[in-house]
Amino acid sequence: MEGQFLERLNKIVISSEKTKVDQTLSTTLSTEHAKNCIEKIEQDQLVSLPEVETHEMTDISLASGTNTWHLDRVNQRVAVLDGDSRQNTESTNTVHVYIIDSGVDRYHPYLSAKCPASDSEHYDALDPDDDPCDFYACDSNSHGTHVSGLVAASHYGYNPNATIHAVKVFDETGTTSISTIITGINWVLQHDSQTSFTNTTRTFPAVVNMSLGGSHSDTFNDATKSLYDQGIVTVVAAGNESTDACDKSPASLAQALTVGAIEEGDARAYFSNYGDCVDVYAPGLAIWSTIPDYMLGSKSGTSMASPIVAGIASAVMADSLDGAL
């Protein structure tokens, strides 16, 4: 019975009060066991990819290296663009960037050199035992590939020397559950502990990007904080409802680097969430990047602003001695 319960529990987000555990779980676990193992019960909820829209797509041969105002903007302090869209190619030290999203097209010519070939370096939280080419090697939604490109793709990513790990938690519909995302977070924690540490010392820095969000959830925030607690810089999208980001998760987490979106000229993008929980703004309107199957595309959203900041963070950390900003 206990094993069946724990299997079912993976479909539930844990987070309510201990005093309520007795009546909620008495038919499944002993009261004493429940009190020792569970702090809270919180109903699972849906989370969506906060992309506003896809504007345009084209073959890479027709638009390679063009439309990179986001790179032009982040390499200078003033809002007026100067036409310099150079990537940061000076950060050559290893830094692992985990993209918790809809997967990544690891075979895209602008990303293939950034993504490890081994399937063990990527994860599909939706169905980890299925054919990798259908899931974490590929991206049936396109969101994760676009996001990954803004971290590290040739021509479009700020830090082309970053190593990308795909953590697939969304399917083609762009919706998932908090519990599924937490499964992905747990894989990141385990992989990072095996990859980036020598004994108990962090050898390689790591960054997580989560261009996703939903209603406020203490459990979601707690799970995201576990990344921070392990020394992983966690960059998240503020959301696209033009409302207070403090009402959203994981955007409301103080330990996350929450990113809002600006348009060219530095005005806040009309859709971007705002407020005290937003730490920084980055380009998020009509942003070009990689699309699965040898394509490029323009998308808008705080989903695009977040990986731009993640790419910058990875470049800074790659050159730091201790992997800390």
# chains A, B, ... in the order shown; residues from 1 in each chain; ligands from 1
>>> residues_around(residues="Leu212 (chain A)", least_positions_apart="4", cutoff="9 Å", atoms="only C-alpha atoms", output="ChimeraX atom specification")
/A:47-51,100-101,236-239,249-251,302-303
>>> write_last_selection(atoms="N, CA, C and O atoms", output="PDB file, in the first residue's frame")
ATOM      1  N   VAL A  47       0.774  24.660 -15.483  1.00  0.00           N
ATOM      2  CA  VAL A  47       1.736  25.720 -15.755  1.00  0.00           C
ATOM      3  C   VAL A  47       1.853  25.842 -17.267  1.00  0.00           C
ATOM      4  O   VAL A  47       1.816  24.835 -17.985  1.00  0.00           O
ATOM      5  N   SER A  48       1.989  27.046 -17.764  1.00  0.00           N
ATOM      6  CA  SER A  48       2.058  27.259 -19.203  1.00  0.00           C
ATOM      7  C   SER A  48       3.348  27.948 -19.607  1.00  0.00           C
ATOM      8  O   SER A  48       3.997  28.615 -18.792  1.00  0.00           O
ATOM      9  N   LEU A  49       3.700  27.776 -20.865  1.00  0.00           N
ATOM     10  CA  LEU A  49       4.841  28.485 -21.427  1.00  0.00           C
ATOM     11  C   LEU A  49       4.412  29.911 -21.746  1.00  0.00           C
ATOM     12  O   LEU A  49       3.501  30.122 -22.543  1.00  0.00           O
ATOM     13  N   PRO A  50       5.061  30.922 -21.157  1.00  0.00           N
ATOM     14  CA  PRO A  50       4.583  32.308 -21.313  1.00  0.00           C
ATOM     15  C   PRO A  50       5.095  32.999 -22.566  1.00  0.00           C
ATOM     16  O   PRO A  50       5.695  34.054 -22.518  1.00  0.00           O
ATOM     17  N   GLU A  51       4.838  32.412 -23.708  1.00  0.00           N
ATOM     18  CA  GLU A  51       5.185  33.047 -24.978  1.00  0.00           C
ATOM     19  C   GLU A  51       3.978  33.832 -25.483  1.00  0.00           C
ATOM     20  O   GLU A  51       2.852  33.338 -25.456  1.00  0.00           O
ATOM     21  N   ILE A 100      14.850  24.029 -18.702  1.00  0.00           N
ATOM     22  CA  ILE A 100      13.638  23.312 -18.304  1.00  0.00           C
ATOM     23  C   ILE A 100      12.498  23.865 -19.136  1.00  0.00           C
ATOM     24  O   ILE A 100      11.994  24.966 -18.898  1.00  0.00           O
ATOM     25  N   ASP A 101      12.065  23.093 -20.139  1.00  0.00           N
ATOM     26  CA  ASP A 101      11.200  23.658 -21.173  1.00  0.00           C
ATOM     27  C   ASP A 101      10.548  22.533 -21.963  1.00  0.00           C
ATOM     28  O   ASP A 101      10.264  21.471 -21.417  1.00  0.00           O
ATOM     29  N   VAL A 236      14.368  32.999 -14.274  1.00  0.00           N
ATOM     30  CA  VAL A 236      12.978  32.653 -14.590  1.00  0.00           C
ATOM     31  C   VAL A 236      12.284  33.825 -15.276  1.00  0.00           C
ATOM     32  O   VAL A 236      12.638  34.990 -15.081  1.00  0.00           O
ATOM     33  N   ALA A 237      11.288  33.502 -16.078  1.00  0.00           N
ATOM     34  CA  ALA A 237      10.489  34.522 -16.761  1.00  0.00           C
ATOM     35  C   ALA A 237       9.506  35.157 -15.791  1.00  0.00           C
ATOM     36  O   ALA A 237       8.911  34.481 -14.941  1.00  0.00           O
ATOM     37  N   ALA A 238       9.293  36.473 -15.932  1.00  0.00           N
ATOM     38  CA  ALA A 238       8.359  37.188 -15.059  1.00  0.00           C
ATOM     39  C   ALA A 238       6.907  36.862 -15.382  1.00  0.00           C
ATOM     40  O   ALA A 238       6.034  36.941 -14.521  1.00  0.00           O
ATOM     41  N   GLY A 239       6.626  36.491 -16.645  1.00  0.00           N
ATOM     42  CA  GLY A 239       5.263  36.212 -17.070  1.00  0.00           C
ATOM     43  C   GLY A 239       4.712  37.301 -17.975  1.00  0.00           C
ATOM     44  O   GLY A 239       5.229  38.419 -18.023  1.00  0.00           O
ATOM     45  N   SER A 249       4.457  32.123  -9.802  1.00  0.00           N
ATOM     46  CA  SER A 249       5.561  31.234  -9.443  1.00  0.00           C
ATOM     47  C   SER A 249       6.123  30.598 -10.706  1.00  0.00           C
ATOM     48  O   SER A 249       5.369  30.250 -11.616  1.00  0.00           O
ATOM     49  N   PRO A 250       7.454  30.488 -10.760  1.00  0.00           N
ATOM     50  CA  PRO A 250       8.430  30.815  -9.715  1.00  0.00           C
ATOM     51  C   PRO A 250       8.909  32.266  -9.718  1.00  0.00           C
ATOM     52  O   PRO A 250       9.866  32.593  -9.042  1.00  0.00           O
ATOM     53  N   ALA A 251       8.239  33.143 -10.458  1.00  0.00           N
ATOM     54  CA  ALA A 251       8.708  34.532 -10.583  1.00  0.00           C
ATOM     55  C   ALA A 251       8.775  35.257  -9.247  1.00  0.00           C
ATOM     56  O   ALA A 251       9.578  36.176  -9.073  1.00  0.00           O
ATOM     57  N   THR A 302       8.330  37.203 -22.154  1.00  0.00           N
ATOM     58  CA  THR A 302       9.387  37.148 -21.140  1.00  0.00           C
ATOM     59  C   THR A 302      10.139  35.829 -21.234  1.00  0.00           C
ATOM     60  O   THR A 302      11.237  35.705 -20.704  1.00  0.00           O
ATOM     61  N   SER A 303       9.563  34.854 -21.929  1.00  0.00           N
ATOM     62  CA  SER A 303      10.269  33.610 -22.228  1.00  0.00           C
ATOM     63  C   SER A 303      11.549  33.862 -23.002  1.00  0.00           C
ATOM     64  O   SER A 303      12.510  33.090 -22.903  1.00  0.00           O
TER      65      SER A 303
END
>>> select_by_dssp(residues="region 99-290 of chain A", states="strand (DSSP E or B)", output="VMD selection string")
chain A and resid 99 to 101 123 to 124 163 to 168 175 to 177 197 to 198 201 to 202 206 to 210 213 to 215 233 to 237 244 248 to 249 257 to 262 268 274 280 to 283 287 to 290
>>> closest_residue(among="A:Thr290, A:Ser177, A:Asn221, A:Ser272", to="Arg106 (chain A)", atoms="only C-alpha atoms")
A:Thr290
>>> residues_around(residues="Ala254 (chain A)", least_positions_apart="3", cutoff="9 Å", atoms="only C-alpha atoms", output="list in words")
Lys225, Ala251, Leu257, Thr258 and Cys277 of chain A
>>> write_last_selection(atoms="N, CA and C atoms", output="PDB file, in the first residue's frame")
ATOM      1  N   LYS A 225      13.776  26.997  -5.189  1.00  0.00           N
ATOM      2  CA  LYS A 225      14.798  27.436  -4.231  1.00  0.00           C
ATOM      3  C   LYS A 225      15.843  26.363  -3.995  1.00  0.00           C
ATOM      4  N   ALA A 251       8.239  33.143 -10.458  1.00  0.00           N
ATOM      5  CA  ALA A 251       8.708  34.532 -10.583  1.00  0.00           C
ATOM      6  C   ALA A 251       8.775  35.257  -9.247  1.00  0.00           C
ATOM      7  N   LEU A 257      16.342  34.789 -10.237  1.00  0.00           N
ATOM      8  CA  LEU A 257      16.593  35.997 -11.005  1.00  0.00           C
ATOM      9  C   LEU A 257      15.434  36.142 -11.987  1.00  0.00           C
ATOM     10  N   THR A 258      14.474  36.995 -11.643  1.00  0.00           N
ATOM     11  CA  THR A 258      13.233  37.113 -12.399  1.00  0.00           C
ATOM     12  C   THR A 258      13.369  38.206 -13.455  1.00  0.00           C
ATOM     13  N   CYS A 277       9.144  42.037  -7.611  1.00  0.00           N
ATOM     14  CA  CYS A 277       9.755  40.720  -7.793  1.00  0.00           C
ATOM     15  C   CYS A 277      10.564  40.618  -9.086  1.00  0.00           C
TER      16      CYS A 277
END
>>> atom_distance(atom1="CA of Val97 (chain A)", atom2="CA of Ser314 (chain A)")
7.3 Å
>>> select_by_dssp(residues="region 115-275 of chain A", states="helix (DSSP H, G or I)", output="ChimeraX atom specification")
/A:119-121,132-134,143-152,178-195,218-229,245-247
>>> residues_around(residues="Ser102 (chain A)", least_positions_apart="4", cutoff="6 Å", atoms="only C-alpha atoms", output="PyMOL selection string")
chain A and resi 144+168-171
